[in-house]
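This is protein.cif (mmCIF, C-alpha atoms).
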data_structure
loop_
_atom_site.label_atom_id
_atom_site.label_comp_id
_atom_site.auth_asym_id
_atom_site.auth_seq_id
_atom_site.Cartn_x
_atom_site.Cartn_y
_atom_site.Cartn_z
CA MET P 1 13.76 38.38 29.51
CA PRO P 2 10.77 39.82 27.65
CA GLN P 3 8.39 37.30 26.15
CA SER P 4 9.12 38.30 22.57
CA ASP P 5 12.85 37.54 22.88
CA TRP P 6 12.52 33.78 23.35
CA LEU P 7 9.79 33.68 20.72
CA ILE P 8 12.08 35.33 18.18
CA LEU P 9 14.78 32.79 19.05
CA LEU P 10 12.37 29.91 18.44
CA VAL P 11 11.20 31.35 15.11
CA ILE P 12 14.78 31.79 13.88
CA SER P 13 15.67 28.26 14.97
CA GLY P 14 12.65 26.91 13.10
CA LEU P 15 13.77 28.72 9.96
CA LEU P 16 17.28 27.30 10.35
CA ILE P 17 15.88 23.79 10.63
CA LEU P 18 13.76 24.30 7.50
CA LEU P 19 16.73 25.69 5.58
CA GLY P 20 18.85 22.77 6.78
CA LEU P 21 16.31 20.22 5.62
CA GLY P 22 16.10 22.00 2.29
CA GLY P 23 19.89 21.89 1.95
CA VAL P 24 20.07 18.18 2.73
CA ILE P 25 17.32 17.35 0.24
CA TRP P 26 18.77 19.66 -2.42
CA GLY P 27 22.22 18.06 -2.07
CA LYS P 28 20.82 14.55 -2.46
CA VAL P 29 18.72 15.48 -5.48
CA TRP P 30 21.61 17.34 -7.11
CA GLN P 31 24.02 14.44 -6.66
CA LYS P 32 21.50 11.89 -7.90
CA SER P 33 20.63 13.89 -11.00
CA TYR P 34 24.31 14.47 -11.78
CA TYR P 35 25.23 10.80 -11.55
CA ASN P 36 22.11 9.79 -13.47
CA SER P 37 23.15 12.09 -16.32
CA ILE P 38 26.70 10.69 -16.27
CA SER P 39 25.50 7.08 -16.28
CA GLN P 40 23.90 7.59 -19.68
CA ARG P 41 27.16 8.70 -21.32
CA THR P 42 29.37 6.30 -23.24
CA ASP P 43 32.42 7.02 -21.05
CA MET P 44 31.42 5.54 -17.68
CA ARG P 45 34.73 6.00 -15.88
CA GLU P 46 33.65 9.07 -13.91
CA PHE P 47 30.40 7.35 -12.91
CA LEU P 48 32.08 4.17 -11.74
CA GLU P 49 35.08 5.70 -9.96
CA HIS P 50 33.42 8.97 -8.84
CA LEU P 51 36.57 10.78 -9.98
CA PRO P 52 36.95 13.71 -10.04
CA GLU P 53 35.04 14.23 -6.83
CA ARG P 54 32.32 16.85 -6.89
CA PRO P 55 32.27 18.47 -3.44
CA GLU P 56 29.23 20.68 -4.04
CA PRO P 57 26.44 18.19 -3.21
CA GLY P 58 28.28 16.92 -0.14
CA ALA P 59 28.99 20.45 1.05
CA ILE P 60 25.33 21.39 0.73
CA ARG P 61 24.32 18.32 2.76
CA VAL P 62 26.92 19.04 5.47
CA GLY P 63 25.77 22.66 5.66
CA GLY P 64 22.20 21.45 5.97
CA TRP P 65 23.06 19.13 8.86
CA LEU P 66 24.94 21.96 10.58
CA ALA P 67 21.96 24.28 10.20
CA ILE P 68 19.68 21.60 11.66
CA ALA P 69 22.02 21.08 14.63
CA ILE P 70 22.26 24.82 15.32
CA GLY P 71 18.50 25.16 14.99
CA LEU P 72 17.91 22.36 17.50
CA ALA P 73 20.39 23.93 19.93
CA MET P 74 18.60 27.26 19.57
CA ILE P 75 15.27 25.59 20.31
CA VAL P 76 16.73 24.20 23.53
CA VAL P 77 18.09 27.63 24.49
CA GLY P 78 14.75 29.25 23.67
CA GLY P 79 12.95 26.68 25.81
CA VAL P 80 15.34 27.34 28.71
CA PHE P 81 14.76 31.08 28.39
CA ARG P 82 11.01 30.48 28.29
CA LEU P 83 11.04 28.36 31.45
CA TRP P 84 13.57 30.28 33.55
CA GLY P 85 13.58 33.70 31.93
#
Represent the structure from my file as structure tokens, please.
Amino acid sequence: MPQSDWLILLVISGLLILLGLGGVIWGKVWQKSYYNSISQRTDMREFLEHLPERPEPGAIRVGGWLAIAIGLAMIVVGGVFRLWG
């Protein structure tokens, strides 16, 4: 395998990890800001019961964790290609 192939794989995996971390942080900030804005309203039922559920922040966090996992797997594959390729 040419040297540039494993290097490209490592760069892409690094970008995936960065995007994943950004997604996890963005999901946490979004959920916190949403529930902080709800807690200041007079009707506190949605804040206390978390109903209706808002799947968006959780979905962003799950997508971020998946991107991190795929990025780490790609780093391992790139390292294997570097050593034995």
What does the distance from CA of Arg61 in chain P to CA of Ile8 in chain P come to in Å, to one decimal?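 For CA of Arg61 in chain P relative to CA of Ile8 in chain P, the distance reads 26.0 Å.
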Report as a PDB file with C-alpha atoms, keeping the file's coordinate frame all protein, DNA and RNA residues lying within 12 Å of Leu18 in chain P, evaluated on all atoms listed in the file, omitting residues in the same chain fewer than 3 positions from it.
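Generated file (part.pdb):
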ATOM      1  CA  VAL P  11      11.200  31.350  15.110  1.00  0.00           C
ATOM      2  CA  ILE P  12      14.780  31.790  13.880  1.00  0.00           C
ATOM      3  CA  SER P  13      15.670  28.260  14.970  1.00  0.00           C
ATOM      4  CA  GLY P  14      12.650  26.910  13.100  1.00  0.00           C
ATOM      5  CA  LEU P  15      13.770  28.720   9.960  1.00  0.00           C
ATOM      6  CA  LEU P  21      16.310  20.220   5.620  1.00  0.00           C
ATOM      7  CA  GLY P  22      16.100  22.000   2.290  1.00  0.00           C
ATOM      8  CA  GLY P  23      19.890  21.890   1.950  1.00  0.00           C
ATOM      9  CA  VAL P  24      20.070  18.180   2.730  1.00  0.00           C
ATOM     10  CA  ILE P  25      17.320  17.350   0.240  1.00  0.00           C
ATOM     11  CA  GLY P  64      22.200  21.450   5.970  1.00  0.00           C
ATOM     12  CA  TRP P  65      23.060  19.130   8.860  1.00  0.00           C
ATOM     13  CA  LEU P  66      24.940  21.960  10.580  1.00  0.00           C
ATOM     14  CA  ALA P  67      21.960  24.280  10.200  1.00  0.00           C
ATOM     15  CA  ILE P  68      19.680  21.600  11.660  1.00  0.00           C
ATOM     16  CA  ALA P  69      22.020  21.080  14.630  1.00  0.00           C
ATOM     17  CA  ILE P  70      22.260  24.820  15.320  1.00  0.00           C
ATOM     18  CA  GLY P  71      18.500  25.160  14.990  1.00  0.00           C
ATOM     19  CA  LEU P  72      17.910  22.360  17.500  1.00  0.00           C
TER      20      LEU P  72
END
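In this model, the gap between CA of Met74 in chain P and CA of Leu9 in chain P comes to 6.7 Å.
We find CA of Gly78 in chain P and CA of Leu10 in chain P to be spaced 5.8 Å apart.
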Mind telling me what the PyMOL selection byres ((chain P and resi 27) around 8) catches here, as a list in words?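 Output from the PyMOL selection byres ((chain P and resi 27) around 8), applied to this file: Gly23, Val24, Ile25, Trp26, Lys28, Val29, Trp30, Gln31, Glu56, Pro57, Gly58, Ala59, Ile60 and Arg61 of chain P.
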Just give me the residues with any atom within 6 Å of (28.6, 14.0, -8.4), file coordinates, counting all atoms listed in the file, written as a ChimeraX atom specification. /P:31,34-35,54
Edge lengths and centre in Å, axis-aligned, range 72-81 of chain P plus 6 Å each side, as AutoDock Vina command-line options:
--center_x 16.7 --center_y 26.7 --center_z 23.1 --size_x 19.4 --size_y 20.7 --size_z 23.2
